[in-house]
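Colleague: So here's run-v4.cif, just mmCIF, C-alpha atoms:
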data_final
loop_
_atom_site.label_atom_id
_atom_site.label_comp_id
_atom_site.auth_asym_id
_atom_site.auth_seq_id
_atom_site.Cartn_x
_atom_site.Cartn_y
_atom_site.Cartn_z
CA MET O 243 23.30 9.84 6.30
CA ARG O 244 20.38 12.16 6.88
CA LEU O 245 20.69 15.71 7.99
CA ARG O 246 17.82 17.40 9.76
CA LEU O 247 17.76 21.16 9.37
CA LYS O 248 16.70 23.15 12.37
CA PRO O 249 14.10 25.80 11.47
CA ILE O 250 15.01 29.38 12.16
CA PRO O 251 12.74 30.92 14.79
CA GLU O 252 10.43 33.57 13.45
CA THR O 253 11.16 37.00 14.86
CA PRO O 254 9.46 40.22 13.80
CA SER O 255 12.78 42.10 13.64
CA SER O 256 14.77 39.73 11.43
CA GLY O 257 16.11 40.07 7.90
CA VAL O 258 14.90 42.24 5.15
CA ALA O 259 11.40 42.55 6.51
CA GLN O 260 12.45 45.14 9.06
CA SER O 261 13.98 47.37 6.39
CA LEU O 262 10.97 47.19 4.10
CA PRO O 263 8.79 50.31 3.96
CA LYS O 264 5.25 50.00 5.24
CA VAL O 265 2.76 50.21 2.37
CA GLN O 266 -0.96 50.40 2.98
CA ASN O 267 -2.97 48.20 0.55
CA PRO O 268 -0.45 47.98 -2.30
CA LEU O 269 -2.97 46.20 -4.62
CA PRO O 270 -4.81 47.08 -6.75
CA LEU O 271 -2.52 49.77 -8.11
CA GLN O 272 -2.52 52.07 -11.10
CA PRO O 273 -0.49 50.93 -14.12
CA PRO O 274 2.68 52.84 -15.00
CA PRO O 275 2.74 54.96 -18.14
CA CYS O 276 3.52 52.67 -21.06
CA ARG O 277 2.89 52.14 -24.70
CA SER O 278 -0.72 51.20 -25.39
CA SER O 279 -2.09 49.20 -28.28
CA SER O 280 -4.59 50.86 -30.58
CA SER O 281 -6.57 47.67 -31.26
CA SER O 282 -7.56 46.94 -27.64
CA SER O 283 -7.91 48.59 -24.25
CA SER O 284 -4.92 46.72 -22.75
CA SER O 285 -1.47 48.27 -22.46
CA TYR O 286 1.78 46.50 -23.15
CA LEU O 287 5.11 46.95 -21.28
CA PHE O 288 8.23 45.19 -22.57
CA ILE O 289 10.52 44.09 -19.70
CA ASP O 290 13.70 41.98 -19.93
CA SER O 291 13.95 38.71 -18.01
CA VAL O 292 16.31 40.02 -15.29
CA ARG O 293 14.09 42.97 -14.49
CA MET O 294 11.08 40.69 -14.57
CA ARG O 295 12.58 38.42 -11.91
CA GLY O 296 13.38 41.44 -9.79
CA LEU O 297 9.80 42.69 -10.01
CA ILE O 298 8.43 39.29 -9.05
CA ARG O 299 10.84 39.08 -6.12
CA ALA O 300 9.96 42.58 -4.90
CA ALA O 301 6.24 41.90 -5.16
CA ALA O 302 6.66 38.74 -3.06
CA LEU O 303 8.54 40.68 -0.40
CA LEU O 304 5.85 43.34 -0.27
CA ARG O 305 3.12 40.79 0.23
CA GLN O 306 5.04 39.07 2.99
CA SER O 307 5.71 42.35 4.77
CA GLN O 308 1.97 42.82 5.29
CA SER O 309 1.44 39.46 7.00
CA GLN O 310 4.67 38.05 8.47
CA PRO O 311 8.38 38.26 7.63
CA ARG O 312 10.01 35.56 5.53
CA THR O 313 12.59 34.28 8.02
CA TRP O 314 14.06 31.68 5.71
CA LEU O 315 15.92 34.43 3.83
CA PRO O 316 19.37 35.40 5.14
CA LYS O 317 19.77 38.94 6.40
CA ALA O 318 22.06 40.05 3.59
CA ALA O 319 20.18 38.33 0.75
CA PRO O 320 20.13 40.72 -2.23
CA ILE O 321 17.19 41.01 -4.62
CA GLU O 322 17.83 39.50 -8.04
CA GLY O 323 18.34 41.91 -10.88
CA PRO O 324 19.16 45.60 -10.93
CA LEU O 325 16.48 46.47 -8.34
CA THR O 326 17.45 47.55 -4.82
CA LEU O 327 15.47 48.29 -1.71
CA SER O 328 15.49 51.95 -2.63
CA LEU O 329 13.14 51.15 -5.52
CA LEU O 330 10.54 49.42 -3.37
CA PRO O 331 8.46 52.59 -2.76
CA TRP O 332 8.32 53.15 -6.53
CA ILE O 333 7.24 49.52 -7.05
CA ALA O 334 4.58 49.78 -4.36
CA LYS O 335 3.03 52.78 -6.11
CA ARG O 336 3.27 51.65 -9.72
CA LEU O 337 3.28 47.84 -9.82
CA THR O 338 0.13 46.18 -11.19
CA PRO O 339 -0.82 42.53 -11.75
CA PHE O 340 0.50 41.15 -15.03
CA SER O 341 0.39 37.93 -17.01
CA SER O 342 3.29 36.75 -19.14
CA TYR O 343 2.49 35.95 -22.76
CA LYS O 344 4.94 35.34 -25.63
CA GLY O 345 7.82 37.35 -24.23
CA TYR O 346 5.98 40.46 -23.04
CA SER O 347 3.81 41.40 -20.11
CA THR O 348 0.22 42.46 -20.48
CA LEU O 349 -0.69 45.03 -17.89
CA GLU O 350 -4.33 44.77 -16.95
CA THR O 351 -5.98 48.17 -16.95
CA HIS O 352 -9.15 48.81 -15.00
CA GLU O 353 -10.33 51.70 -17.16
CA PRO O 354 -13.89 51.57 -18.54
CA PRO O 355 -14.30 51.05 -22.29
CA VAL O 356 -14.33 54.23 -24.34
CA LEU O 357 -17.15 54.77 -26.81
CA ILE O 358 -16.09 56.16 -30.18
CA PRO O 359 -18.09 59.26 -31.16
CA PRO O 360 -20.32 58.61 -34.19
CA GLU O 361 -18.90 61.58 -36.07
CA LEU O 362 -15.44 59.95 -36.04
CA LEU O 363 -16.65 56.79 -37.74
CA SER O 364 -16.18 56.39 -41.49
CA THR O 365 -19.81 55.37 -42.00
CA PRO O 366 -22.73 56.22 -39.73
CA SER O 367 -24.35 53.33 -37.91
CA ALA O 368 -27.47 52.18 -39.71
CA LEU O 369 -28.85 49.89 -37.00
CA THR O 370 -30.55 51.31 -33.95
CA PRO O 371 -29.87 49.45 -30.69
CA ASP O 372 -33.56 49.35 -29.76
CA ARG O 373 -34.50 47.11 -32.72
CA ARG O 374 -33.42 43.53 -33.30
CA ILE O 375 -33.19 42.15 -36.83
CA GLY O 376 -35.29 39.19 -37.86
CA GLU O 377 -38.21 39.63 -35.47
CA TYR O 378 -40.84 39.75 -38.28
CA GLU O 379 -41.98 43.18 -37.10
CA ASP O 380 -43.75 45.62 -39.41
CA LEU O 381 -41.55 48.63 -40.14
CA ILE O 382 -42.50 52.24 -40.84
CA ALA O 383 -40.65 53.80 -43.78
CA THR O 384 -40.73 57.42 -44.88
CA VAL O 385 -41.79 57.99 -48.47
CA THR O 386 -40.01 60.63 -50.55
CA ASN O 387 -38.98 61.29 -54.15
CA PHE O 388 -35.97 62.39 -56.16
CA ARG O 389 -36.36 65.99 -54.98
CA GLY O 390 -36.37 64.99 -51.30
CA GLU O 391 -39.98 66.00 -50.67
CA ASP O 392 -41.92 64.35 -47.85
CA ARG O 393 -44.66 62.07 -49.19
CA GLY O 394 -45.83 60.47 -45.96
CA PHE O 395 -45.16 57.03 -44.54
CA MET O 396 -45.55 53.41 -45.56
CA VAL O 397 -45.74 50.16 -43.62
CA LEU O 398 -43.26 47.47 -44.70
CA ALA O 399 -44.50 43.96 -44.01
CA GLY O 400 -42.40 42.25 -41.35
CA ASP O 401 -42.56 38.83 -42.99
CA VAL O 402 -40.92 40.30 -46.11
CA PHE O 403 -38.63 43.11 -44.91
CA ASP O 404 -37.67 41.84 -41.43
CA VAL O 405 -36.76 38.18 -41.68
CA PRO O 406 -33.62 36.61 -40.16
CA ILE O 407 -30.49 37.04 -42.27
CA ARG O 408 -29.54 33.67 -43.79
CA THR O 409 -26.31 33.76 -45.80
CA ASP O 410 -26.68 30.09 -46.68
CA ILE O 411 -30.00 30.79 -48.38
CA ILE O 412 -28.47 33.71 -50.26
CA HIS O 413 -25.65 31.48 -51.47
CA ARG O 414 -28.03 28.80 -52.73
CA VAL O 415 -30.25 31.28 -54.56
CA VAL O 416 -27.33 33.10 -56.21
CA LYS O 417 -25.79 29.80 -57.28
CA TRP O 418 -29.12 28.71 -58.77
CA GLN O 419 -29.62 32.05 -60.51
CA LEU O 420 -26.14 32.20 -62.08
CA ALA O 421 -26.34 28.58 -63.22
CA LYS O 422 -29.78 29.04 -64.76
CA ARG O 423 -28.84 32.12 -66.77
CA ARG O 424 -25.94 30.40 -68.54
CA GLN O 425 -26.64 29.92 -72.24
CA GLY O 426 -24.94 26.54 -72.51
CA THR O 427 -24.22 26.94 -76.24
CA HIS O 428 -20.63 25.66 -76.00
CA SER O 429 -19.95 22.91 -78.52
CA THR O 430 -17.05 20.88 -79.91
CA LYS O 431 -16.89 18.47 -82.85
CA THR O 432 -16.44 14.76 -82.46
CA ILE O 433 -14.57 12.54 -84.93
CA SER O 434 -17.76 12.04 -86.94
CA GLU O 435 -18.38 15.79 -87.23
CA VAL O 436 -14.93 17.16 -87.95
CA SER O 437 -14.09 18.01 -91.58
CA GLY O 438 -11.47 15.92 -93.37
CA THR O 439 -10.77 12.72 -95.24
CA GLY O 440 -11.58 9.34 -93.86
CA ARG O 441 -9.07 7.20 -95.76
CA LYS O 442 -6.40 5.22 -93.98
CA PRO O 443 -3.19 7.30 -93.97
CA TRP O 444 -0.78 4.37 -94.53
CA ARG O 445 -0.85 0.61 -94.58
CA GLN O 446 -1.21 -1.38 -91.41
CA LYS O 447 2.22 -3.07 -91.37
CA GLY O 448 5.65 -2.55 -92.74
CA THR O 449 6.17 1.18 -92.30
CA GLY O 450 7.51 1.10 -88.76
CA ARG O 451 5.04 3.76 -87.72
CA ALA O 452 2.07 3.44 -85.40
CA ARG O 453 -1.06 2.05 -86.94
CA HIS O 454 -3.84 4.57 -87.68
CA GLY O 455 -7.13 4.40 -89.51
CA THR O 456 -7.81 8.17 -89.86
CA LEU O 457 -6.05 11.50 -89.58
CA ARG O 458 -8.97 13.15 -87.81
CA GLY O 459 -8.47 11.54 -84.42
CA PRO O 460 -8.01 13.69 -81.28
CA GLN O 461 -4.23 13.14 -81.34
CA PHE O 462 -3.80 14.84 -84.76
CA ARG O 463 -3.80 18.48 -85.74
CA HIS O 464 -7.22 19.60 -87.03
CA GLY O 465 -8.62 16.51 -85.38
CA ALA O 466 -11.63 15.98 -83.19
CA ALA O 467 -12.03 17.04 -79.56
CA CYS O 468 -12.13 14.20 -77.08
CA HIS O 469 -14.86 14.46 -74.43
CA GLY O 470 -15.53 18.09 -75.32
CA PRO O 471 -18.53 20.13 -74.19
CA LYS O 472 -21.85 19.92 -75.97
CA PRO O 473 -24.85 22.29 -75.77
CA ARG O 474 -26.72 21.63 -72.56
CA SER O 475 -28.58 23.34 -69.76
CA HIS O 476 -26.64 24.21 -66.60
CA ALA O 477 -29.78 24.89 -64.57
CA ILE O 478 -30.12 23.26 -61.18
CA LYS O 479 -33.29 22.69 -59.22
CA LEU O 480 -34.22 24.84 -56.24
CA GLN O 481 -37.50 24.85 -54.35
CA LYS O 482 -39.80 27.82 -54.85
CA LYS O 483 -40.00 28.50 -51.12
CA VAL O 484 -36.20 28.72 -50.94
CA ARG O 485 -36.13 31.15 -53.88
CA ARG O 486 -38.82 33.23 -52.24
CA LEU O 487 -36.99 33.17 -48.90
CA GLY O 488 -33.79 34.34 -50.61
CA LEU O 489 -35.54 37.44 -51.94
CA LYS O 490 -36.97 38.16 -48.50
CA VAL O 491 -33.53 37.85 -46.90
CA ALA O 492 -31.98 40.18 -49.47
CA LEU O 493 -34.69 42.80 -48.91
CA SER O 494 -34.35 42.46 -45.14
CA ALA O 495 -30.58 42.92 -45.34
CA ARG O 496 -30.90 46.17 -47.30
CA THR O 497 -33.58 47.36 -44.88
CA ALA O 498 -31.40 46.60 -41.84
CA GLU O 499 -28.48 48.47 -43.40
CA GLY O 500 -30.62 51.52 -44.01
CA LYS O 501 -30.07 51.19 -47.76
CA LEU O 502 -33.72 50.75 -48.77
CA LEU O 503 -35.41 53.95 -49.95
CA VAL O 504 -39.13 54.15 -50.70
CA PHE O 505 -40.16 56.71 -53.33
CA GLU O 506 -43.63 57.83 -54.31
CA ASP O 507 -42.68 57.48 -57.99
CA LEU O 508 -39.66 57.68 -60.31
CA GLU O 509 -40.92 60.62 -62.32
CA LEU O 510 -38.26 62.77 -63.98
CA PRO O 511 -38.68 66.25 -65.52
CA SER O 512 -36.80 65.21 -68.68
CA HIS O 513 -34.77 62.40 -70.16
CA LYS O 514 -31.44 64.14 -69.47
CA THR O 515 -28.79 62.05 -67.73
CA LYS O 516 -27.69 64.99 -65.58
CA ASN O 517 -30.96 64.75 -63.64
CA ILE O 518 -30.18 61.25 -62.41
CA VAL O 519 -26.55 62.21 -61.74
CA ASN O 520 -27.63 65.08 -59.51
CA TYR O 521 -30.21 62.99 -57.66
CA VAL O 522 -27.80 60.11 -57.00
CA SER O 523 -25.05 62.46 -55.81
CA GLU O 524 -27.37 63.71 -53.05
CA MET O 525 -27.86 60.18 -51.67
CA THR O 526 -25.70 59.13 -48.71
CA ASP O 527 -22.95 56.63 -49.62
CA ALA O 528 -24.71 55.54 -52.80
CA LYS O 529 -22.08 53.97 -55.05
CA LYS O 530 -24.41 51.79 -57.13
CA VAL O 531 -28.17 52.29 -57.20
CA LEU O 532 -30.95 49.97 -58.32
CA LEU O 533 -34.27 51.64 -59.17
CA VAL O 534 -37.33 49.37 -59.00
CA ASP O 535 -40.68 50.51 -60.35
CA GLY O 536 -44.00 48.74 -60.04
CA GLY O 537 -45.25 48.57 -63.61
CA PRO O 538 -43.61 49.15 -66.99
CA LEU O 539 -40.59 51.46 -66.90
CA ASP O 540 -40.92 55.06 -67.98
CA ASP O 541 -39.16 55.96 -71.24
CA LYS O 542 -37.60 59.06 -69.67
CA LEU O 543 -36.17 56.95 -66.86
CA LYS O 544 -34.68 54.41 -69.25
CA LEU O 545 -33.09 57.09 -71.42
CA ALA O 546 -31.70 58.98 -68.41
CA THR O 547 -30.04 55.91 -66.85
CA ARG O 548 -28.86 53.84 -69.79
CA ASN O 549 -25.52 55.72 -70.01
CA LEU O 550 -24.72 55.35 -66.29
CA HIS O 551 -22.97 52.17 -65.23
CA TYR O 552 -23.79 52.72 -61.55
CA VAL O 553 -27.56 53.17 -62.00
CA ASN O 554 -29.84 50.36 -63.20
CA VAL O 555 -33.60 50.07 -63.44
CA LEU O 556 -35.88 47.05 -63.12
CA PRO O 557 -39.60 46.41 -62.95
CA SER O 558 -40.90 44.75 -59.81
CA ILE O 559 -41.47 41.47 -61.66
CA GLY O 560 -37.74 41.33 -62.47
CA LEU O 561 -36.43 42.03 -58.97
CA ASN O 562 -33.99 39.27 -57.98
CA VAL O 563 -31.43 38.46 -55.31
CA TYR O 564 -28.31 38.83 -57.47
CA SER O 565 -29.28 42.32 -58.65
CA ILE O 566 -29.92 43.43 -55.07
CA LEU O 567 -26.49 42.18 -53.99
CA GLN O 568 -24.77 43.96 -56.87
CA HIS O 569 -26.13 47.36 -55.79
CA ASP O 570 -25.50 48.88 -52.38
CA THR O 571 -28.61 51.11 -52.50
CA LEU O 572 -32.11 49.91 -53.37
CA VAL O 573 -34.78 52.44 -54.36
CA MET O 574 -38.33 51.11 -54.66
CA THR O 575 -41.53 52.91 -55.43
CA ARG O 576 -44.64 52.52 -53.31
CA ASP O 577 -46.26 50.51 -56.10
CA ALA O 578 -43.22 48.22 -56.34
CA VAL O 579 -43.30 47.50 -52.59
CA ASN O 580 -46.99 46.61 -52.76
CA ARG O 581 -46.46 44.29 -55.71
CA ILE O 582 -43.49 42.55 -54.08
CA VAL O 583 -45.44 41.99 -50.85
CA GLU O 584 -48.41 40.67 -52.82
CA ARG O 585 -46.13 38.30 -54.71
CA MET O 586 -44.54 37.04 -51.49
CA HIS O 587 -47.94 36.43 -49.93
CA THR O 588 -49.30 34.49 -52.91
CA PRO O 589 -49.55 30.76 -52.13
CA ILE O 590 -47.12 28.55 -54.00
CA ASN O 591 -48.75 26.31 -56.59
CA ARG O 592 -47.60 22.74 -56.14
#
Kindly present the structure from the file in structure tokens form.

Modeller:
Amino acid sequence: MRLRLKPIPETPSSGVAQSLPKVQNPLPLQPPPCRSSSSSSSSYLFIDSVRMRGLIRAAALLRQSQSQPRTWLPKAAPIEGPLTLSLLPWIAKRLTPFSSYKGYSTLETHEPPVLIPPELLSTPSALTPDRRIGEYEDLIATVTNFRGEDRGFMVLAGDVFDVPIRTDIIHRVVKWQLAKRRQGTHSTKTISEVSGTGRKPWRQKGTGRARHGTLRGPQFRHGAACHGPKPRSHAIKLQKKVRRLGLKVALSARTAEGKLLVFEDLELPSHKTKNIVNYVSEMTDAKKVLLVDGGPLDDKLKLATRNLHYVNVLPSIGLNVYSILQHDTLVMTRDAVNRIVERMHTPINR
């Protein structure tokens, strides 16, 4: 047996719609005061399920009141949850669109993003927004010395100090460098090299024990080592152009971070360690410093830095990727920069 329901005629003065307050353009609205998250610009409001259903129901009624009344509701139909019609003006002023996610509602705020003042940051920004990294552009660097005196400017070649940052190249070069510097002098003795007698410990049969021909096997105390290491080279092969590119990437990374300083020279008044300590303390965020000179190192410089674990010196011929990564600040003389650029521009002999 089928029952056909007769639709209720739509009248503008029926039901709850007549008692609803008239609200002009209820959306978009300002979000209510709530607890905001410090990691993002969104705000979070925790609402229980009953109150959530009431808010959804009230929002639907408000939308319908602007167009046409919902006549399928009975006149005395209450709103689900603890909300009543007396709260509808408050909802119309403070309700905002939300999206449910994992048990809480995320209120969408329309506030513009706030820029953090640079003085509140832990470290000052080293990159300027008007320069992109890895464009092979020649850079202008100020030249100074340990005393902070102005010594002019210097042009840093873009194909050496402004190449794209390639972490994969850095990984390959460091792996090659650490493998090549291993001594490889580890050694163990085989059964022919270990010291001891070679006679048969007991006869072959009749003792009830396992048969053995020597007491210097790997299963005995003071015996040989089975498949032990022998002196060998751990070096792996890496193309010269990849090694050269790794050094360029390391120099470009320090330049982009603002951690490359160009000095006129590394001249010191004396060999006292306190001179280097005072000079390094004046540098900004310099925890570990690498000093690179062009030619042979000065004796005063070597004596002044040999007792400091956070200051190391190298000639330009010894500059490598691993040493650059170990130090957060790189100080190079004008002569060292010229020699490095000349070395990078030298054709590779094949």

Colleague: When you look at O:Arg486 with a cut-off of 12 Å (counting all atoms listed in the file), what residues show up, excluding the ones that are within fewer than 2 positions of it in the same chain? I need them as a PyMOL selection string.

Modeller: chain O and resi 401-402+405+411-412+414-415+480-484+488-493+561-563+582-583+585-590

Colleague: Once you have the residues from the selection above, write them out as a PDB file, keeping the file's coordinate frame, restricted to C-alpha atoms.

Modeller:
ATOM      1  CA  ASP O 401     -42.560  38.830 -42.990  1.00  0.00           C
ATOM      2  CA  VAL O 402     -40.920  40.300 -46.110  1.00  0.00           C
ATOM      3  CA  VAL O 405     -36.760  38.180 -41.680  1.00  0.00           C
ATOM      4  CA  ILE O 411     -30.000  30.790 -48.380  1.00  0.00           C
ATOM      5  CA  ILE O 412     -28.470  33.710 -50.260  1.00  0.00           C
ATOM      6  CA  ARG O 414     -28.030  28.800 -52.730  1.00  0.00           C
ATOM      7  CA  VAL O 415     -30.250  31.280 -54.560  1.00  0.00           C
ATOM      8  CA  LEU O 480     -34.220  24.840 -56.240  1.00  0.00           C
ATOM      9  CA  GLN O 481     -37.500  24.850 -54.350  1.00  0.00           C
ATOM     10  CA  LYS O 482     -39.800  27.820 -54.850  1.00  0.00           C
ATOM     11  CA  LYS O 483     -40.000  28.500 -51.120  1.00  0.00           C
ATOM     12  CA  VAL O 484     -36.200  28.720 -50.940  1.00  0.00           C
ATOM     13  CA  GLY O 488     -33.790  34.340 -50.610  1.00  0.00           C
ATOM     14  CA  LEU O 489     -35.540  37.440 -51.940  1.00  0.00           C
ATOM     15  CA  LYS O 490     -36.970  38.160 -48.500  1.00  0.00           C
ATOM     16  CA  VAL O 491     -33.530  37.850 -46.900  1.00  0.00           C
ATOM     17  CA  ALA O 492     -31.980  40.180 -49.470  1.00  0.00           C
ATOM     18  CA  LEU O 493     -34.690  42.800 -48.910  1.00  0.00           C
ATOM     19  CA  LEU O 561     -36.430  42.030 -58.970  1.00  0.00           C
ATOM     20  CA  ASN O 562     -33.990  39.270 -57.980  1.00  0.00           C
ATOM     21  CA  VAL O 563     -31.430  38.460 -55.310  1.00  0.00           C
ATOM     22  CA  ILE O 582     -43.490  42.550 -54.080  1.00  0.00           C
ATOM     23  CA  VAL O 583     -45.440  41.990 -50.850  1.00  0.00           C
ATOM     24  CA  ARG O 585     -46.130  38.300 -54.710  1.00  0.00           C
ATOM     25  CA  MET O 586     -44.540  37.040 -51.490  1.00  0.00           C
ATOM     26  CA  HIS O 587     -47.940  36.430 -49.930  1.00  0.00           C
ATOM     27  CA  THR O 588     -49.300  34.490 -52.910  1.00  0.00           C
ATOM     28  CA  PRO O 589     -49.550  30.760 -52.130  1.00  0.00           C
ATOM     29  CA  ILE O 590     -47.120  28.550 -54.000  1.00  0.00           C
TER      30      ILE O 590
END

Colleague: Do you know which residues are at most 7 Å from stretch 564-571 of chain O counting only C-alpha atoms, after dropping those on the same chain fewer than 3 positions away, and could you put them as a PyMOL selection string?

Modeller: chain O and resi 416+492+501-502+528-532

Colleague: Using the chain letters and residue numbers of this document, give as a PDB file with C-alpha atoms, keeping the file's coordinate frame the residues selected by the PyMOL selection byres ((chain O and resi 389) around 10).

Modeller:
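The new file result_10.pdb reads:
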ATOM      1  CA  THR O 386     -40.010  60.630 -50.550  1.00  0.00           C
ATOM      2  CA  ASN O 387     -38.980  61.290 -54.150  1.00  0.00           C
ATOM      3  CA  PHE O 388     -35.970  62.390 -56.160  1.00  0.00           C
ATOM      4  CA  GLY O 390     -36.370  64.990 -51.300  1.00  0.00           C
ATOM      5  CA  GLU O 391     -39.980  66.000 -50.670  1.00  0.00           C
ATOM      6  CA  ASP O 392     -41.920  64.350 -47.850  1.00  0.00           C
ATOM      7  CA  LEU O 510     -38.260  62.770 -63.980  1.00  0.00           C
ATOM      8  CA  ASN O 520     -27.630  65.080 -59.510  1.00  0.00           C
ATOM      9  CA  TYR O 521     -30.210  62.990 -57.660  1.00  0.00           C
ATOM     10  CA  GLU O 524     -27.370  63.710 -53.050  1.00  0.00           C
TER      11      GLU O 524
END

Colleague: So which residues get picked by the PyMOL selection byres ((chain O and resi 406) around 7) here, written as number ranges by chain?

Modeller: O: 375-376, 404-405, 407-408, 491

Colleague: Go ahead and save the picked residues with C-alpha atoms, as a short mmCIF file (atom, residue, chain, number, x, y, z; two decimals), in the frame of the given file.

Modeller:
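Final file, again-v5.cif:
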data_model
loop_
_atom_site.label_atom_id
_atom_site.label_comp_id
_atom_site.auth_asym_id
_atom_site.auth_seq_id
_atom_site.Cartn_x
_atom_site.Cartn_y
_atom_site.Cartn_z
CA ILE O 375 -33.19 42.15 -36.83
CA GLY O 376 -35.29 39.19 -37.86
CA ASP O 404 -37.67 41.84 -41.43
CA VAL O 405 -36.76 38.18 -41.68
CA ILE O 407 -30.49 37.04 -42.27
CA ARG O 408 -29.54 33.67 -43.79
CA VAL O 491 -33.53 37.85 -46.90
#

Colleague: Hey, what's within 12 Å of O:Gly537 if we count all atoms listed in the file and toss same-chain stuff fewer than 4 positions away? As number ranges by chain, please?

Modeller: O: 507-508, 555-561, 574-582

Colleague: Dump as a PDB file with C-alpha atoms, in the frame of the given file all residues having an atom at most 9 Å from (-26.3, 19.6, -74.8), computed in the file's coordinates with all atoms listed in the file.

Modeller:
ATOM      1  CA  GLY O 426     -24.940  26.540 -72.510  1.00  0.00           C
ATOM      2  CA  THR O 427     -24.220  26.940 -76.240  1.00  0.00           C
ATOM      3  CA  HIS O 428     -20.630  25.660 -76.000  1.00  0.00           C
ATOM      4  CA  SER O 429     -19.950  22.910 -78.520  1.00  0.00           C
ATOM      5  CA  PRO O 471     -18.530  20.130 -74.190  1.00  0.00           C
ATOM      6  CA  LYS O 472     -21.850  19.920 -75.970  1.00  0.00           C
ATOM      7  CA  PRO O 473     -24.850  22.290 -75.770  1.00  0.00           C
ATOM      8  CA  ARG O 474     -26.720  21.630 -72.560  1.00  0.00           C
ATOM      9  CA  SER O 475     -28.580  23.340 -69.760  1.00  0.00           C
TER      10      SER O 475
END

Colleague: Rounded to one decimal, what separation in Å do you get between atom CA of O:Met396 and atom CA of O:Val573?

Modeller: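 Taking atom CA of O:Met396 as the start and atom CA of O:Val573 as the end point, the length is 13.9 Å.
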
Colleague: Rounded to one decimal, what separation in Å do you get between atom CA of O:Ala495 and atom CA of O:Arg374?

Modeller: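 If I compute the distance from atom CA of O:Ala495 to atom CA of O:Arg374, I get 12.4 Å.
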